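Undergrad: Got a structure for you, entry-v9.txt, holding compact mmCIF, C-alpha atoms and all ligand atoms.
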```
# COMPACT_ATOMS: atom_id res chain seq x y z
CA MET T 1 92.90 -195.07 240.53
CA LYS T 2 90.62 -195.99 237.74
CA SER T 3 88.78 -193.20 236.16
CA PRO T 4 85.01 -193.60 236.20
CA PRO T 5 83.50 -194.78 232.98
CA GLN T 6 82.57 -191.89 230.73
CA VAL T 7 78.86 -191.22 230.73
CA ARG T 8 77.91 -190.94 227.12
CA LYS T 9 74.91 -188.93 226.09
CA PRO T 10 72.53 -190.98 224.06
CA PRO T 11 73.10 -189.93 220.46
CA ALA T 12 70.35 -187.52 219.44
CA SER T 13 68.68 -188.34 216.21
CA LYS T 14 69.91 -186.22 213.34
CA LEU T 15 66.41 -184.86 212.83
CA ALA T 16 66.00 -183.82 216.45
CA SER T 17 69.31 -182.00 216.55
CA ARG T 18 68.57 -180.27 213.26
CA LEU T 19 65.24 -179.11 214.61
CA ARG T 20 66.89 -177.78 217.74
CA ARG T 21 69.46 -175.92 215.69
CA GLN T 22 66.84 -174.50 213.37
CA GLY T 23 64.64 -173.56 216.31
CA PHE T 24 67.54 -171.69 217.87
CA HIS T 25 68.40 -169.96 214.61
CA ALA T 26 64.77 -169.10 214.01
CA LEU T 27 64.49 -167.63 217.50
CA ARG T 28 67.70 -165.71 217.09
CA GLY T 29 66.49 -164.47 213.71
CA THR T 30 63.22 -163.28 215.20
CA LEU T 31 65.05 -161.46 217.99
CA THR T 32 67.38 -159.84 215.50
CA ILE T 33 64.50 -158.70 213.31
CA ALA T 34 62.65 -157.36 216.37
CA LEU T 35 65.72 -155.44 217.55
CA LEU T 36 66.47 -154.09 214.09
CA SER T 37 62.93 -153.00 213.44
CA GLY T 38 62.80 -151.41 216.90
CA ALA T 39 65.94 -149.43 216.08
CA ALA T 40 64.61 -148.56 212.63
CA ALA T 41 61.31 -147.40 214.10
CA ALA T 42 63.16 -145.25 216.64
CA GLN T 43 65.29 -143.79 213.88
CA ARG T 44 62.20 -143.11 211.75
CA ALA T 45 60.57 -141.40 214.75
CA ASP T 46 63.73 -139.31 215.29
CA GLU T 47 63.76 -138.34 211.64
CA SER T 48 60.13 -137.30 211.58
CA ASP T 49 60.70 -135.45 214.88
CA GLU T 50 63.63 -133.62 213.26
CA ARG T 51 61.53 -132.83 210.17
CA ALA T 52 58.71 -131.45 212.33
CA LEU T 53 61.15 -129.33 214.35
CA ARG T 54 62.73 -128.00 211.17
CA ALA T 55 59.32 -127.05 209.80
CA ARG T 56 58.57 -125.18 213.04
CA ARG T 57 61.97 -123.45 212.88
CA LEU T 58 61.36 -122.27 209.30
CA ALA T 59 57.88 -121.05 210.22
CA MET T 60 59.29 -119.15 213.23
CA VAL T 61 61.92 -117.46 211.03
CA GLU T 62 59.25 -116.39 208.51
CA ARG T 63 56.77 -115.10 211.07
CA HIS T 64 59.02 -113.49 213.67
CA ILE T 65 62.26 -112.66 211.88
CA ALA T 66 62.01 -112.28 208.09
CA SER T 67 58.65 -110.52 208.21
CA GLU T 68 59.87 -108.34 211.09
CA GLY T 69 62.52 -106.68 208.95
CA ILE T 70 65.62 -108.90 209.20
CA GLU T 71 67.01 -109.01 205.65
CA ASP T 72 70.65 -110.11 205.81
CA THR T 73 70.88 -113.42 203.93
CA ALA T 74 73.69 -114.86 206.07
CA THR T 75 71.67 -114.10 209.22
CA LEU T 76 68.45 -115.61 207.84
CA THR T 77 70.28 -118.74 206.65
CA ALA T 78 71.89 -119.17 210.07
CA MET T 79 68.55 -118.75 211.86
CA ARG T 80 66.97 -121.33 209.53
CA THR T 81 69.82 -123.78 210.10
CA VAL T 82 70.82 -123.74 213.77
CA PRO T 83 68.65 -126.18 215.78
CA ARG T 84 67.54 -123.97 218.70
CA HIS T 85 65.77 -126.98 220.27
CA GLU T 86 69.23 -128.44 221.00
CA PHE T 87 70.12 -125.35 223.07
CA VAL T 88 67.13 -125.29 225.42
CA PRO T 89 66.52 -127.60 228.39
CA THR T 90 64.52 -130.73 227.43
CA ALA T 91 61.55 -129.51 229.46
CA PHE T 92 61.23 -126.48 227.15
CA ARG T 93 61.89 -128.23 223.83
CA ASP T 94 58.28 -127.69 222.74
CA GLU T 95 58.78 -123.94 223.09
CA ALA T 96 62.11 -123.79 221.25
CA TYR T 97 60.51 -122.25 218.16
CA GLU T 98 58.44 -119.63 219.92
CA ASN T 99 59.78 -116.11 219.88
CA HIS T 100 60.66 -115.68 223.54
CA PRO T 101 63.61 -116.22 225.90
CA LEU T 102 63.75 -119.45 227.93
CA PRO T 103 65.49 -120.33 231.20
CA ILE T 104 68.78 -122.26 230.93
CA GLY T 105 69.62 -122.56 234.65
CA HIS T 106 71.73 -120.44 237.05
CA GLY T 107 69.13 -117.67 236.66
CA GLN T 108 70.19 -117.15 233.02
CA THR T 109 68.25 -117.30 229.75
CA ILE T 110 68.69 -118.11 226.08
CA SER T 111 67.69 -114.88 224.27
CA GLN T 112 64.58 -114.39 222.19
CA PRO T 113 65.21 -115.55 218.57
CA TYR T 114 64.34 -112.14 217.08
CA ILE T 115 66.96 -110.43 219.26
CA VAL T 116 69.59 -113.05 218.33
CA ALA T 117 68.83 -112.42 214.64
CA TYR T 118 68.84 -108.63 215.14
CA MET T 119 72.24 -108.63 216.87
CA THR T 120 73.63 -111.02 214.26
CA GLU T 121 72.47 -108.79 211.40
CA ILE T 122 73.97 -105.71 213.08
CA VAL T 123 77.48 -107.20 213.19
CA ARG T 124 77.18 -108.63 209.63
CA PRO T 125 79.09 -111.88 210.25
CA ARG T 126 80.96 -113.26 207.24
CA PRO T 127 83.38 -116.17 206.68
CA GLY T 128 86.74 -115.58 208.35
CA MET T 129 85.62 -112.65 210.54
CA ARG T 130 86.78 -112.84 214.15
CA ILE T 131 83.92 -112.24 216.55
CA LEU T 132 83.95 -112.02 220.35
CA GLU T 133 80.79 -112.89 222.25
CA VAL T 134 80.38 -112.01 225.94
CA GLY T 135 77.81 -114.25 227.64
CA THR T 136 77.90 -117.73 226.06
CA GLY T 137 74.86 -119.02 227.99
CA SER T 138 73.51 -121.97 226.01
CA GLY T 139 75.88 -121.35 223.09
CA TYR T 140 73.00 -120.57 220.70
CA GLN T 141 74.12 -117.06 219.66
CA ALA T 142 77.68 -118.41 219.22
CA ALA T 143 76.35 -121.21 216.97
CA VAL T 144 74.36 -118.72 214.87
CA LEU T 145 77.46 -116.55 214.39
CA ALA T 146 79.73 -119.56 213.71
CA SER T 147 77.35 -121.04 211.17
CA THR T 148 77.97 -118.00 208.92
CA GLY T 149 81.62 -119.06 208.71
CA ALA T 150 82.90 -116.52 211.26
CA GLU T 151 85.45 -117.51 213.94
CA VAL T 152 83.71 -117.06 217.28
CA TYR T 153 85.37 -116.61 220.68
CA THR T 154 82.82 -116.70 223.46
CA ILE T 155 83.20 -116.11 227.22
CA GLU T 156 80.87 -117.27 229.99
CA ILE T 157 81.14 -116.39 233.68
CA PHE T 158 79.43 -119.57 235.03
CA ARG T 159 81.78 -122.53 234.73
CA ALA T 160 78.89 -125.00 234.47
CA LEU T 161 77.30 -123.09 231.57
CA ALA T 162 80.65 -122.69 229.80
CA GLU T 163 81.29 -126.43 230.04
CA SER T 164 77.86 -127.50 228.85
CA ALA T 165 77.92 -125.00 225.96
CA ARG T 166 81.39 -126.21 224.94
CA GLU T 167 80.21 -129.82 224.95
CA ARG T 168 77.00 -128.96 223.06
CA LEU T 169 78.77 -126.91 220.37
CA ALA T 170 81.30 -129.72 219.82
CA ARG T 171 78.59 -132.38 219.64
CA LEU T 172 76.67 -130.35 217.06
CA GLY T 173 79.82 -129.74 214.99
CA TYR T 174 80.35 -125.99 215.55
CA THR T 175 84.13 -126.22 215.39
CA ARG T 176 84.47 -122.46 214.73
CA ALA T 177 83.16 -121.56 218.19
CA THR T 178 85.65 -121.55 221.10
CA VAL T 179 84.28 -121.26 224.63
CA ARG T 180 86.15 -119.89 227.64
CA HIS T 181 85.17 -119.67 231.27
CA GLY T 182 85.96 -116.11 232.31
CA ASP T 183 84.75 -112.57 232.97
CA GLY T 184 83.88 -110.96 229.66
CA ASN T 185 84.28 -107.44 231.07
CA HIS T 186 87.98 -107.89 230.30
CA GLY T 187 87.40 -109.25 226.79
CA TRP T 188 89.81 -111.87 225.43
CA ALA T 189 93.18 -110.13 225.01
CA ASP T 190 94.98 -113.20 223.61
CA GLU T 191 92.58 -113.46 220.66
CA ALA T 192 92.05 -109.71 220.10
CA PRO T 193 91.52 -107.65 218.03
CA PHE T 194 88.05 -108.55 216.80
CA ASP T 195 86.07 -107.48 213.74
CA ALA T 196 82.94 -107.52 215.86
CA ILE T 197 81.84 -107.93 219.48
CA VAL T 198 78.42 -109.14 220.62
CA VAL T 199 77.55 -108.67 224.30
CA THR T 200 74.51 -110.60 225.51
CA ALA T 201 74.29 -109.39 229.13
CA ALA T 202 73.34 -105.83 230.13
CA SER T 203 76.09 -103.60 231.42
CA SER T 204 75.89 -100.26 233.23
CA HIS T 205 78.56 -98.94 230.85
CA ILE T 206 80.57 -99.94 227.80
CA PRO T 207 83.59 -101.86 229.16
CA PRO T 208 86.76 -100.07 227.95
CA ALA T 209 88.60 -103.39 227.42
CA LEU T 210 85.99 -104.28 224.81
CA THR T 211 86.33 -101.07 222.79
CA ARG T 212 90.12 -101.49 222.96
CA GLN T 213 89.82 -105.02 221.52
CA LEU T 214 87.70 -103.86 218.59
CA LYS T 215 89.49 -103.47 215.23
CA PRO T 216 89.35 -100.21 213.26
CA ASN T 217 86.09 -100.35 211.23
CA GLY T 218 84.80 -102.87 213.81
CA ARG T 219 81.31 -102.93 215.32
CA MET T 220 80.09 -103.88 218.77
CA VAL T 221 76.52 -104.40 219.86
CA ILE T 222 75.83 -104.22 223.61
CA PRO T 223 72.82 -103.79 225.89
CA VAL T 224 73.47 -100.88 228.24
CA GLY T 225 71.33 -99.72 231.14
CA SER T 226 70.26 -100.42 234.68
CA VAL T 227 69.78 -103.97 235.85
CA TYR T 228 66.00 -104.01 236.13
CA GLY T 229 65.24 -100.65 234.56
CA ALA T 230 65.53 -99.26 231.05
CA GLN T 231 68.13 -100.85 228.79
CA TYR T 232 69.05 -99.94 225.25
CA LEU T 233 70.85 -101.98 222.70
CA ILE T 234 73.76 -99.79 221.63
CA LEU T 235 75.83 -100.00 218.46
CA VAL T 236 79.45 -98.93 218.95
CA GLU T 237 81.37 -98.32 215.74
CA LYS T 238 85.10 -97.72 215.57
CA ASN T 239 86.20 -95.88 212.44
CA ALA T 240 89.41 -96.42 210.46
CA LYS T 241 91.23 -93.89 212.68
CA GLY T 242 90.03 -95.57 215.87
CA ALA T 243 87.38 -92.99 216.85
CA LEU T 244 84.20 -94.33 218.45
CA ARG T 245 80.62 -93.47 217.62
CA THR T 246 77.61 -94.87 219.51
CA ARG T 247 74.00 -95.15 218.43
CA ASN T 248 70.88 -96.32 220.35
CA LEU T 249 69.13 -99.11 218.49
CA LEU T 250 66.18 -100.39 220.50
CA PRO T 251 64.89 -100.96 224.04
CA VAL T 252 65.71 -104.45 225.34
CA ALA T 253 65.59 -106.59 228.52
CA PHE T 254 68.75 -108.64 229.11
CA VAL T 255 70.01 -110.38 232.24
CA PRO T 256 72.70 -108.30 233.99
CA MET T 257 76.40 -108.48 233.25
CA LEU T 258 78.03 -109.98 236.34
CA SER T 259 81.52 -109.75 237.71
CA GLY T 260 83.42 -112.39 239.67
CA LEU T 261 83.73 -115.94 238.33
CA ARG T 262 81.10 -118.46 239.35
N1 LIG Q 1 74.05 -115.63 224.37
C1 LIG Q 1 73.34 -116.57 225.23
C2 LIG Q 1 72.35 -115.93 226.16
C3 LIG Q 1 73.02 -115.23 227.19
S1 LIG Q 1 72.24 -114.76 228.67
C4 LIG Q 1 72.65 -117.65 224.44
O1 LIG Q 1 72.63 -117.58 223.20
O2 LIG Q 1 72.13 -118.58 225.04
C5 LIG Q 1 73.67 -113.89 229.28
C6 LIG Q 1 74.81 -114.77 229.69
O3 LIG Q 1 75.88 -113.91 230.08
C7 LIG Q 1 74.52 -115.65 230.88
O4 LIG Q 1 74.84 -116.98 230.57
C8 LIG Q 1 75.43 -115.09 231.97
O5 LIG Q 1 75.89 -116.07 232.87
C9 LIG Q 1 76.56 -114.50 231.16
N2 LIG Q 1 77.35 -113.45 231.80
C10 LIG Q 1 76.94 -112.50 232.67
N3 LIG Q 1 77.95 -111.70 233.02
C11 LIG Q 1 79.05 -112.14 232.35
C12 LIG Q 1 80.42 -111.73 232.28
N4 LIG Q 1 80.87 -110.69 232.97
N5 LIG Q 1 81.24 -112.42 231.48
C13 LIG Q 1 80.81 -113.48 230.76
N6 LIG Q 1 79.54 -113.93 230.79
C14 LIG Q 1 78.66 -113.26 231.57
```
Once more with this new file: its structure as structure tokens, please.
TA:
Amino acid sequence: MKSPPQVRKPPASKLASRLRRQGFHALRGTLTIALLSGAAAAQRADESDERALRARRLAMVERHIASEGIEDTATLTAMRTVPRHEFVPTAFRDEAYENHPLPIGHGQTISQPYIVAYMTEIVRPRPGMRILEVGTGSGYQAAVLASTGAEVYTIEIFRALAESARERLARLGYTRATVRHGDGNHGWADEAPFDAIVVTAASSHIPPALTRQLKPNGRMVIPVGSVYGAQYLILVEKNAKGALRTRNLLPVAFVPMLSGLR
């Protein structure tokens, strides 16, 4: 069978085809420029957003933390560095640099910045120290401790909170903070003993596993009291011989320490 004669396109004039090519390139160029400048504008907006948030963070530290008696340099530097707005739900981002707790889901809260700074100063975190935190929540207190160079082990009883805090801390580069889903009443025997322990949920008593996991010369700060009644932040110090001494620091209002994994 004979193949049909090839239909040949009429040869386009050189000029016409050049114009088409140029038109295409010009269009593609315009699209590229539009996309690039859109991305650049978004990046510029992000940068100015970040600058504005940083300015608000520094102002918050001056007004509510430095001028309220927090003096430890490592603590102040950490509070000026850690981006609290990354640890609060998007709906509350505007309030990230106000000095109050905010909801983080599951009936839990990220603590008030002043209290985070106060507890941080009490345990005097330094590079290489091993610190246990009970009550990871958003991961903010863990990030503040880790940003001083301390190694932080933090336990959270809600699986969903533990997972989101782990993901958030990794994304923000806090490689010195390790998150575990578990009941902090038992501490973290595999990583014990600790130079310091920070408990961020209120307990009716000082859990004995936690004092056991504290090193000689170690310090623990823990809110103790009734669930909806009076609570005191307590400093527990273990001396070189292992004897314990407790001291009331200040009245506080923390969410209760729970038991039973969720
Ligand atoms: N430190 C947190 C705030 C914590 S709020 C932050 O910076 O965001 C107290 C947290 O303790 C809550 O997330 C709560 O779920 C958790 N929690 C309560 N009981 C616990 C327990 N027994 N073990 C571990 N976490 C507990």
Undergrad: Using 6 Å of padding on each side, determine the axis-aligned box around all atoms of ligand LIG 1 (chain Q) present in the file and give its centre and edge lengths in Å to one decimal, as lines of an AutoDock Vina configuration file.
TA:
```
center_x = 76.7
center_y = -114.6
center_z = 228.1
size_x = 21.1
size_y = 19.9
size_z = 21.8
```
Undergrad: Give me the chain T side of the contact with ligand LIG 1 (chain Q), cut-off 7 Å, one line per residue showing its nearest atom pair and distance in Å at one decimal, counting all atoms listed in the file, sorted by chain and residue number, as a tab-separated table.
TA:
```
residue	atom	partner	partner_atom	distance
T:Gln108	CA	Q:LIG1	C7	5.1
T:Thr109	CA	Q:LIG1	S1	4.9
T:Ile110	CA	Q:LIG1	O2	3.6
T:Ser111	CA	Q:LIG1	C2	5.1
T:Val134	CA	Q:LIG1	C13	5.1
T:Gly135	CA	Q:LIG1	O3	3.1
T:Thr136	CA	Q:LIG1	N1	4.7
T:Gly137	CA	Q:LIG1	O4	3.3
T:Ser138	CA	Q:LIG1	O2	3.8
T:Gly139	CA	Q:LIG1	O1	5.0
T:Tyr140	CA	Q:LIG1	O1	3.9
T:Gln141	CA	Q:LIG1	O1	3.9
T:Ala142	CA	Q:LIG1	O1	6.5
T:Ile155	CA	Q:LIG1	C13	5.0
T:Glu156	CA	Q:LIG1	N6	3.7
T:Ile157	CA	Q:LIG1	N6	4.1
T:Phe158	CA	Q:LIG1	O5	5.4
T:Leu161	CA	Q:LIG1	O4	6.7
T:Gly182	CA	Q:LIG1	C13	6.0
T:Asp183	CA	Q:LIG1	N5	3.8
T:Gly184	CA	Q:LIG1	N5	3.5
T:Asn185	CA	Q:LIG1	N4	5.1
T:Thr200	CA	Q:LIG1	C5	5.1
T:Ala201	CA	Q:LIG1	C5	4.5
T:Val255	CA	Q:LIG1	C5	5.9
T:Pro256	CA	Q:LIG1	C10	6.1
T:Met257	CA	Q:LIG1	N3	3.6
T:Leu258	CA	Q:LIG1	N3	3.7
T:Ser259	CA	Q:LIG1	N4	4.9
```
Undergrad: If you measure from atom CA of T:Ile222 to atom CA of T:Leu169, what distance in Å do you get, rounded to one decimal?
TA: 23.1 Å
Undergrad: Using all atoms listed in the file, can you tell me which of T:Ala117, T:Ala59, T:Ala240, T:Val123 comes closest to T:Glu71?
TA: T:Ala117
Undergrad: Between atom CA of T:Gly225 and atom CA of T:Ile115, what is the distance, to one decimal in Å?
TA: 16.6 Å
